[in-house]
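First up is the structure itself, then whatever we jot down about it.
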Amino acid sequence: MNLHIKTAPSAAHPADKPFPRVLIIEDELPMRTALSDCLEAEGYRVLKADNGEDGLNRAIAEMPDLILLDIMLPRLDGFELCAELRRLAQTVPILMLTAKGQIEDRVTGLDAGADDYLVKPFSTRELLARVRALLRRARKQSGIARKLALGGIEIDLVAQTARRGKKPLHLTAKEFAMLKLMAECPGEVISRERFLDVVWGYTAFPTTRTVDNHIASLRAKIEPELELPLWIITVHGVGYRLQF
Ligand code: CA
């Protein structure tokens, strides 16, 4: 394995966003470190988890741009983790790392919702090429839902930045996640339960009131008139939808 060989950062980053965030879920420390070094040398921002449960929680809470997922993991294995993320409608690209020659793993991984797989041991170049390809593909697919223009407010759901004119607007990670969910289903009503499921995840137990409170704080930041919301519309007895 030549994962320890660092390559020079490319002059023009192939994934047209300055710093895509990659979550590495891998329990073996040397492998985790090697993957992380290799990605950081290329300008990626790296998040790490050393077991399946933490990995799932980080994936839900931090919404990375891509996940590198080992299969054999303590607490929750790669297949279960992958299936759980897809059940929660998380579309983050997942690159599975499988042991050599285990064709069954590969098939099971793709069935569970992984986008691609890489057989260990692999080269740095191959890993980076797969990562770039997956990020490119994801970017094309999410082109519409990536940026929102709500009146004078511009929101980048991927970079998690927002501004009103030239002034930065501070939204929390949960607020971005809620906007992203609504933007992905334009015109569709999102129930409070669905917000809880997708934005809060399966290990947290907030109440539907939590959703209303977060919507209220989001509205306070983006709506010109709180009494008469232009963008986040209440659908009584059901939930909310984004109108843009
Ligand atoms: Ca492992």
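Scheme for the structure tokens: letters A, B, ... for chains in order shown; per-chain residue numbers from 1; ligand numbers from 1 in order shown.
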
query: ligand 1: which residues are within 10 Å, counting only C-alpha atoms and all ligand atoms, as a ChimeraX atom specification?
result: /A:25-29,31-32,50-52,69-74,77-78,97-99

message: Show me, as a list in words, the residues that have an atom within 10 Å of Leu171 in chain A when counting only C-alpha atoms, minus same-chain residues fewer than 6 positions from it.
response: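 Contacts, in chain order: Ile155, Gln160, Thr161, Ala162, Arg163, Ala177, Ser217, Leu218, Lys221 and Ile222 of chain A.
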
Contacts of range 223-240 of chain A within 12 Å, only C-alpha atoms, excl. fewer than 2 positions in-chain, as JSON, numbers by chain: {"A": [148, 149, 150, 151, 152, 153, 164, 178, 179, 181, 182, 183, 185, 186, 187, 188, 189, 190, 191, 192, 193, 194, 195, 196, 208, 209, 211, 212, 214, 215, 216, 217, 218, 219, 220, 221, 242, 243, 244]}

Requested write-out: N, CA and C atoms of the selected residues, as a short mmCIF file (atom, residue, chain, number, x, y, z; two decimals), in the first residue's frame:
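Ended up saving to selection.cif:
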```cif
data_model
loop_
_atom_site.label_atom_id
_atom_site.label_comp_id
_atom_site.auth_asym_id
_atom_site.auth_seq_id
_atom_site.Cartn_x
_atom_site.Cartn_y
_atom_site.Cartn_z
N LEU A 148 -29.51 28.80 -2.85
CA LEU A 148 -30.85 29.36 -2.74
C LEU A 148 -30.75 30.87 -2.78
N ALA A 149 -31.63 31.50 -3.51
CA ALA A 149 -31.70 32.95 -3.48
C ALA A 149 -33.10 33.30 -2.98
N LEU A 150 -33.17 33.84 -1.79
CA LEU A 150 -34.45 34.21 -1.19
C LEU A 150 -34.45 35.72 -1.03
N GLY A 151 -35.04 36.41 -1.96
CA GLY A 151 -35.01 37.87 -1.93
C GLY A 151 -33.56 38.32 -2.03
N GLY A 152 -33.13 39.12 -1.08
CA GLY A 152 -31.75 39.61 -1.10
C GLY A 152 -30.78 38.68 -0.39
N ILE A 153 -31.27 37.50 0.00
CA ILE A 153 -30.42 36.58 0.76
C ILE A 153 -29.93 35.45 -0.12
N ARG A 164 -26.67 38.40 3.38
CA ARG A 164 -27.69 39.34 2.92
C ARG A 164 -26.90 40.48 2.30
N MET A 178 -32.11 22.09 7.83
CA MET A 178 -33.55 22.20 7.62
C MET A 178 -33.85 22.84 6.26
N LEU A 179 -33.10 23.88 5.94
CA LEU A 179 -33.29 24.54 4.64
C LEU A 179 -32.97 23.58 3.50
N LEU A 181 -33.10 20.31 3.47
CA LEU A 181 -34.15 19.31 3.34
C LEU A 181 -35.35 19.88 2.57
N MET A 182 -35.74 21.11 2.91
CA MET A 182 -36.89 21.72 2.23
C MET A 182 -36.55 22.03 0.77
N ALA A 183 -35.30 22.47 0.54
CA ALA A 183 -34.90 22.84 -0.83
C ALA A 183 -34.80 21.62 -1.74
N CYS A 185 -36.81 19.19 -1.76
CA CYS A 185 -38.16 18.79 -2.16
C CYS A 185 -38.97 20.06 -2.38
N PRO A 186 -38.67 20.83 -3.44
CA PRO A 186 -39.34 22.12 -3.61
C PRO A 186 -40.85 21.98 -3.67
N GLY A 187 -41.55 22.82 -2.93
CA GLY A 187 -43.01 22.82 -2.94
C GLY A 187 -43.64 21.71 -2.11
N GLU A 188 -42.83 20.78 -1.67
CA GLU A 188 -43.36 19.63 -0.92
C GLU A 188 -43.43 19.97 0.58
N VAL A 189 -44.47 19.51 1.23
CA VAL A 189 -44.58 19.76 2.67
C VAL A 189 -43.67 18.78 3.41
N ILE A 190 -42.88 19.30 4.32
CA ILE A 190 -42.02 18.44 5.13
C ILE A 190 -42.64 18.38 6.52
N SER A 191 -42.97 17.18 6.96
CA SER A 191 -43.61 17.05 8.27
C SER A 191 -42.57 17.26 9.38
N ARG A 192 -43.08 17.57 10.57
CA ARG A 192 -42.17 17.76 11.71
C ARG A 192 -41.40 16.47 12.00
N GLU A 193 -42.07 15.35 11.82
CA GLU A 193 -41.42 14.06 12.09
C GLU A 193 -40.26 13.83 11.12
N ARG A 194 -40.46 14.26 9.88
CA ARG A 194 -39.40 14.07 8.89
C ARG A 194 -38.20 14.97 9.20
N PHE A 195 -38.48 16.19 9.65
CA PHE A 195 -37.38 17.07 10.08
C PHE A 195 -36.59 16.38 11.19
N LEU A 196 -37.31 15.83 12.14
CA LEU A 196 -36.64 15.19 13.29
C LEU A 196 -35.80 14.02 12.82
N THR A 208 -41.49 17.53 18.60
CA THR A 208 -41.87 18.28 17.40
C THR A 208 -41.83 19.79 17.68
N ARG A 209 -41.94 20.15 18.95
CA ARG A 209 -41.85 21.56 19.35
C ARG A 209 -40.46 22.12 18.99
N VAL A 211 -38.75 21.44 16.42
CA VAL A 211 -38.77 21.82 15.00
C VAL A 211 -39.37 23.22 14.87
N ASP A 212 -40.50 23.45 15.54
CA ASP A 212 -41.15 24.77 15.47
C ASP A 212 -40.23 25.88 15.98
N HIS A 214 -36.95 25.91 15.96
CA HIS A 214 -35.88 26.15 14.98
C HIS A 214 -36.41 26.88 13.74
N ILE A 215 -37.62 26.55 13.35
CA ILE A 215 -38.23 27.26 12.21
C ILE A 215 -38.40 28.74 12.57
N ALA A 216 -38.84 28.99 13.82
CA ALA A 216 -39.04 30.37 14.26
C ALA A 216 -37.72 31.15 14.21
N SER A 217 -36.65 30.51 14.64
CA SER A 217 -35.37 31.23 14.66
C SER A 217 -34.83 31.42 13.23
N LEU A 218 -35.11 30.46 12.38
CA LEU A 218 -34.71 30.58 10.97
C LEU A 218 -35.48 31.71 10.29
N ARG A 219 -36.77 31.75 10.57
CA ARG A 219 -37.61 32.81 9.99
C ARG A 219 -37.13 34.19 10.44
N ALA A 220 -36.77 34.28 11.73
CA ALA A 220 -36.31 35.57 12.25
C ALA A 220 -35.09 36.05 11.49
N LYS A 221 -34.31 35.12 10.96
CA LYS A 221 -33.09 35.50 10.23
C LYS A 221 -33.34 35.79 8.76
N LEU A 242 -40.92 25.05 1.70
CA LEU A 242 -40.15 26.20 1.24
C LEU A 242 -40.73 26.65 -0.10
N GLN A 243 -40.98 27.94 -0.18
CA GLN A 243 -41.53 28.48 -1.41
C GLN A 243 -40.50 29.43 -1.98
N PHE A 244 -39.98 29.14 -3.16
CA PHE A 244 -38.98 30.05 -3.74
C PHE A 244 -38.98 29.96 -5.26
#
```

- prompt: Among range 72-147 of chain A, which residues carry a DSSP assignment of helix (DSSP H, G or I), reported as a VMD selection string?
  reply: chain A and resid 78 to 87 103 to 111 124 to 141 143 to 146

- request: Return the single residue from A:Leu134, A:Ala159, A:Leu47, A:Val199 that is closest to Glu175 in chain A, with distances computed using only C-alpha atoms.
  value: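 Checking each candidate against Glu175 in chain A, we get A:Val199 as the closest.
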
task: One decimal, Å: what's the distance from CA of Ala61 in chain A over to CA of Ala173 in chain A, could you say?
output: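 The value is 7.7 Å.
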
- prompt: Which residues, written as a count of residues only, have at least one atom at most 8 Å from Pro64 in chain A, with only C-alpha atoms counted and residues fewer than 3 positions away on the same chain left out?
  reply: 7
